[in-house]
2 protein chains.
Amino acid sequence: MTKKVKAEIIAVGTELLLGQIANTNAQWLSQQLAQYGVNIYNHVVVGDNLRRVEETFRQAHLRSDIILVTGGLGPTEDDLTREAFQALSNLSMVEHKPSMDKIQAYFHKQDVEMTPNNRKQARVFETADVWKNSVGMAPGMMVTFEGRKWIFLPGVPREMKSLAIEHVFPTIQQMVSQHEIIKSVVLKFIGIGESKLEHELRDMIQAQTNPTIAPLAQDDGIVIRLTANGESEQQVDELLDKTKSKILNLVGHYFYGVNQATLEGEIVELLRKDSKQLATAESLTGGLFSGKLSSVPGVSDVFRGGIVSYNNEVKQNVLGVPPQVIEEYGAISKECALAMAKNAATKLNASIGIGFTGVAGPSETEGKPVGTVYIAIYDQAGHTIREKCQFQGDRNTIRRRTVQKGLELLYNHLK
Amino acid sequence: MTKKVKAEIIAVGTELLLGQIANTNAQWLSQQLAQYGVNIYNHVVVGDNLRRVEETFRQAHLRSDIILVTGGLGPTEDDLTREAFQALSNLSMVEHKPSMDKIQAYFHKQDVEMTPNNRKQARVFETADVWKNSVGMAPGMMVTFEGRKWIFLPGVPREMKSLAIEHVFPTIQQMVSQHEIIKSVVLKFIGIGESKLEHELRDMIQAQTNPTIAPLAQDDGIVIRLTANGESEQQVDELLDKTKSKILNLVGHYFYGVNQATLEGEIVELLRKDSKQLATAESLTGGLFSGKLSSVPGVSDVFRGGIVSYNNEVKQNVLGVPPQVIEEYGAISKECALAMAKNAATKLNASIGIGFTGVAGPSETEGKPVGTVYIAIYDQAGHTIREKCQFQGDRNTIRRRTVQKGLELLYNHLK
């Protein structure tokens, strides 16, 4: 077995250290690179300071085989990635004509005068492989320096991704193909806690070697990551399949999918299989449940739409909730949630309706404390579900958990 | 002026290096700590490997005054933060009785047998200040070691935040109060590109010293971060105010707010000021626009609700779009968007309606390419806006940009 390729991802930008944005670039790149068997050993974020960027680059050069740098290639004065790498490497820079032509053409087309600082974006290292940026200005590039591969990408996620897909991954695939194969699979669970799940799998986890078994609590449930290595794709797949089967024998009841599977995606599949149509009625979630469900491509086959009734008048006049339900039980009640679910189904000509009502805060409503939520599912086939929840957290946490709980209830109802 | 406090944030967890989650903990902590004048010099992510975590801790100990560590305190075998810090510091650990009692009480209350691995979560360093975790199991703690402050927090965002707010920030405020004051303000703009904005401000940016001026493109517009330092709060505020005024003299036309201001928040304020009520009609965005708007506390005063018409039948029967509009122009048309906006306002008894229709993909609809979007605003007062957009990107990018454009159009209409 050959030496593992060690990689790290460096993000350059003070905006990250001030918390203005999260380092989602490192997340995405890591996710993708794992598929090529590239081991990411570190994510590092450093600010727009020449000396500190250079120091970070120096450390990376000592410990990693592949270094991916995002950010600091833009037109402004605090974009310093090129300068810092030049300080480390002493490599010379030139203007990349195709990039410069593209920048000029862009401004010409927009009929805007090109500001001189944009010229900086076409500067590249003379020995670099330069990669055209098809959705932005600054090109990406790869420089081989003292046996290390240095890859420079813009910080804007859309540009970074486009360059990574078109150039970085194909290049890396070639580089690592002679090395060992590493593959991960993520198993997804809903309705079971992390320590209970780990307890059920304790013997397996203690005996783990290849694949490794790592449980993790996430906002939308618990996942278990299996990572196996071997000398062929087939060997690795067999190792993963065997361990997956053992796990599902123990906790398969809570399992809903692998890798990129989502509860909303599974729900759409189940609705389609049963030829059912869904409609929604949302109060405190204000459209978020429908918005989440409709992120699934092809959802229009099974999703009729919904009514966001942020107001009792709308609940009555548009959704048709009987006034006496609200008078007798209040708008924050399981009776109202069920009436919302049923009327959404009826009005929108769907076989299943789901209704959400509750108190997102900041203050209590109808004497019910912040976090009180009722979710109901109405099914023409005769089943109804009415669930009371008490969530903790701020307004948006409560709304997010409500959406999540709605997905869980609907999935369990359909499966 | 005294020495600046140098801090760094270390996240421990292989799930971050595999890209399963983004390091939003570092983002949030940075955002908060900036307010206390704590300079974050690095974010580092390291995997669940004892030797590498120890190495990362060793480097941090050499360069930083305050080290915040998130993650690796849980019950499972790959939670190694305590062990790594012990390897570095040789400090001894004890079981923290209040935490152990709490863990046992939790399992008792849930009527679930406590698995033995949970006991690990109550282990703390003997000399630490131990902080009770009010929303989870593992306590937080601060250890002073060779003059450095080491702060350990759980990786689950909710638990990390709760401990940070209750214990970390008050502690840090005390520590830094004798140092210089650093303050940032973020100015937010919509409808202007980054390089144009920087060009307009070129002279100011080139002459910048204190405050520094850093423009940044974000998904929801452009921001400029001003960061000033000084010896008193008042001095720093004056520096920031003066520079802000100069900037607004040049590009104030595009300005909409500072710091945590959001377009949706500004829209709710404008609606309230004008005593107007809004209703929505969403097709491709499936409820996301309403969901975003209703994230604003107190929105119920100005937001009636909406209709998600994911289906032409729903557009006609529930929303009341005339069939001949869809027959003649198609559901993907500015005429349909306007009919949706108008009917939403009428049906929901609102003075303003906004309608969204378009092709989110993955395939074209009515012969219109993916990314074609129409947004319309109907205002009882007589104005209407009908905008055609052509967005790039995948399904969810197109939906997100549509929501963003809707906010921009509505804000400009109201202001």
# chains A, B, ... in the order shown; residues from 1 in each chain; ligands from 1
>>> residues_around(residues="Ile385 (chain A)", least_positions_apart="3", cutoff="9 Å", atoms="only C-alpha atoms", output="PyMOL selection string")
chain A and resi 338+375-379+409+413
>>> write_last_selection(atoms="all heavy atoms", output="mmCIF file, in the first residue's frame")
data_model
loop_
_atom_site.group_PDB
_atom_site.id
_atom_site.type_symbol
_atom_site.label_atom_id
_atom_site.label_comp_id
_atom_site.auth_asym_id
_atom_site.auth_seq_id
_atom_site.Cartn_x
_atom_site.Cartn_y
_atom_site.Cartn_z
ATOM 1 N N LEU A 338 -55.376 20.348 13.187
ATOM 2 C CA LEU A 338 -56.058 19.316 12.392
ATOM 3 C C LEU A 338 -57.018 19.940 11.379
ATOM 4 O O LEU A 338 -57.087 19.516 10.215
ATOM 5 C CB LEU A 338 -56.795 18.326 13.299
ATOM 6 C CG LEU A 338 -57.416 17.132 12.569
ATOM 7 C CD1 LEU A 338 -56.369 16.336 11.808
ATOM 8 C CD2 LEU A 338 -58.160 16.217 13.547
ATOM 9 N N ILE A 375 -48.723 19.942 15.469
ATOM 10 C CA ILE A 375 -48.622 19.495 14.073
ATOM 11 C C ILE A 375 -49.686 18.424 13.861
ATOM 12 O O ILE A 375 -49.842 17.540 14.711
ATOM 13 C CB ILE A 375 -47.235 18.890 13.785
ATOM 14 C CG1 ILE A 375 -46.123 19.886 14.157
ATOM 15 C CG2 ILE A 375 -47.108 18.477 12.313
ATOM 16 C CD1 ILE A 375 -44.715 19.315 14.025
ATOM 17 N N ALA A 376 -50.425 18.531 12.775
ATOM 18 C CA ALA A 376 -51.430 17.507 12.484
ATOM 19 C C ALA A 376 -51.298 17.040 11.051
ATOM 20 O O ALA A 376 -50.918 17.801 10.158
ATOM 21 C CB ALA A 376 -52.829 18.062 12.726
ATOM 22 N N ILE A 377 -51.588 15.762 10.864
ATOM 23 C CA ILE A 377 -51.634 15.194 9.515
ATOM 24 C C ILE A 377 -53.028 14.618 9.308
ATOM 25 O O ILE A 377 -53.535 13.871 10.150
ATOM 26 C CB ILE A 377 -50.573 14.092 9.330
ATOM 27 C CG1 ILE A 377 -49.168 14.692 9.454
ATOM 28 C CG2 ILE A 377 -50.740 13.388 7.978
ATOM 29 C CD1 ILE A 377 -48.048 13.670 9.467
ATOM 30 N N TYR A 378 -53.660 15.015 8.218
ATOM 31 C CA TYR A 378 -54.964 14.480 7.848
ATOM 32 C C TYR A 378 -54.773 13.625 6.603
ATOM 33 O O TYR A 378 -54.146 14.058 5.631
ATOM 34 C CB TYR A 378 -55.944 15.622 7.567
ATOM 35 C CG TYR A 378 -57.172 15.164 6.824
ATOM 36 C CD1 TYR A 378 -58.262 14.639 7.513
ATOM 37 C CD2 TYR A 378 -57.236 15.252 5.433
ATOM 38 C CE1 TYR A 378 -59.393 14.205 6.821
ATOM 39 C CE2 TYR A 378 -58.357 14.823 4.738
ATOM 40 C CZ TYR A 378 -59.427 14.299 5.441
ATOM 41 O OH TYR A 378 -60.529 13.860 4.765
ATOM 42 N N ASP A 379 -55.295 12.401 6.652
ATOM 43 C CA ASP A 379 -55.176 11.513 5.498
ATOM 44 C C ASP A 379 -56.574 11.057 5.118
ATOM 45 O O ASP A 379 -57.300 10.498 5.946
ATOM 46 C CB ASP A 379 -54.289 10.314 5.869
ATOM 47 C CG ASP A 379 -53.940 9.466 4.653
ATOM 48 O OD1 ASP A 379 -54.765 9.374 3.717
ATOM 49 O OD2 ASP A 379 -52.836 8.903 4.644
ATOM 50 N N LEU A 409 -42.723 13.150 11.188
ATOM 51 C CA LEU A 409 -44.073 12.598 11.349
ATOM 52 C C LEU A 409 -44.637 12.128 10.011
ATOM 53 O O LEU A 409 -45.223 11.049 9.904
ATOM 54 C CB LEU A 409 -45.010 13.650 11.963
ATOM 55 C CG LEU A 409 -44.750 14.023 13.426
ATOM 56 C CD1 LEU A 409 -45.611 15.217 13.835
ATOM 57 C CD2 LEU A 409 -45.022 12.833 14.352
ATOM 58 N N HIS A 413 -45.512 8.352 8.913
ATOM 59 C CA HIS A 413 -46.885 8.073 8.494
ATOM 60 C C HIS A 413 -46.912 7.363 7.142
ATOM 61 O O HIS A 413 -47.724 6.464 6.918
ATOM 62 C CB HIS A 413 -47.669 9.390 8.417
ATOM 63 C CG HIS A 413 -49.061 9.234 7.849
ATOM 64 N ND1 HIS A 413 -50.080 8.617 8.532
ATOM 65 C CD2 HIS A 413 -49.585 9.611 6.654
ATOM 66 C CE1 HIS A 413 -51.174 8.628 7.784
ATOM 67 N NE2 HIS A 413 -50.903 9.223 6.644
#
>>> residues_around(residues="Lys97 (chain B)", least_positions_apart="5", cutoff="10 Å", atoms="only C-alpha atoms", output="list in words")
Lys102, Ile103, Ala122 and Arg123 of chain B
>>> write_last_selection(atoms="N, CA and C atoms", output="compact mmCIF listing (two decimals), in the first residue's frame")
# COMPACT_ATOMS: atom_id res chain seq x y z
N LYS B 102 -26.45 15.21 37.03
CA LYS B 102 -27.35 15.68 35.99
C LYS B 102 -27.53 14.63 34.90
N ILE B 103 -26.45 14.01 34.51
CA ILE B 103 -26.51 12.97 33.47
C ILE B 103 -27.39 11.81 33.96
N ALA B 122 -18.68 13.62 32.22
CA ALA B 122 -18.55 14.39 33.46
C ALA B 122 -17.10 14.58 33.89
N ARG B 123 -16.13 14.09 33.10
CA ARG B 123 -14.71 14.23 33.44
C ARG B 123 -14.25 15.66 33.18
>>> interface_residues(of="chain A", to="chain B", cutoff="6 Å", atoms="only C-alpha atoms", output="number ranges by chain")
A: 17-19, 22, 24, 27-28, 30-31, 40, 42-46, 286-288, 290-291, 294, 304-311
>>> select_by_dssp(residues="region 222-400 of chain B", states="alpha helix (DSSP H)", output="ChimeraX atom specification")
/B:233-251,263-273,288-293,312-317,323-329,334-347,395-400
>>> residues_around(residues="Ile182 (chain A)", least_positions_apart="5", cutoff="6 Å", atoms="only C-alpha atoms", output="short mmCIF file (atom, residue, chain, number, x, y, z; two decimals) with C-alpha atoms, in the first residue's frame")
data_model
loop_
_atom_site.label_atom_id
_atom_site.label_comp_id
_atom_site.auth_asym_id
_atom_site.auth_seq_id
_atom_site.Cartn_x
_atom_site.Cartn_y
_atom_site.Cartn_z
CA GLY A 37 -9.55 9.20 -1.39
CA ALA A 228 -13.19 1.77 4.58
CA ASN A 229 -9.87 1.51 2.79
#
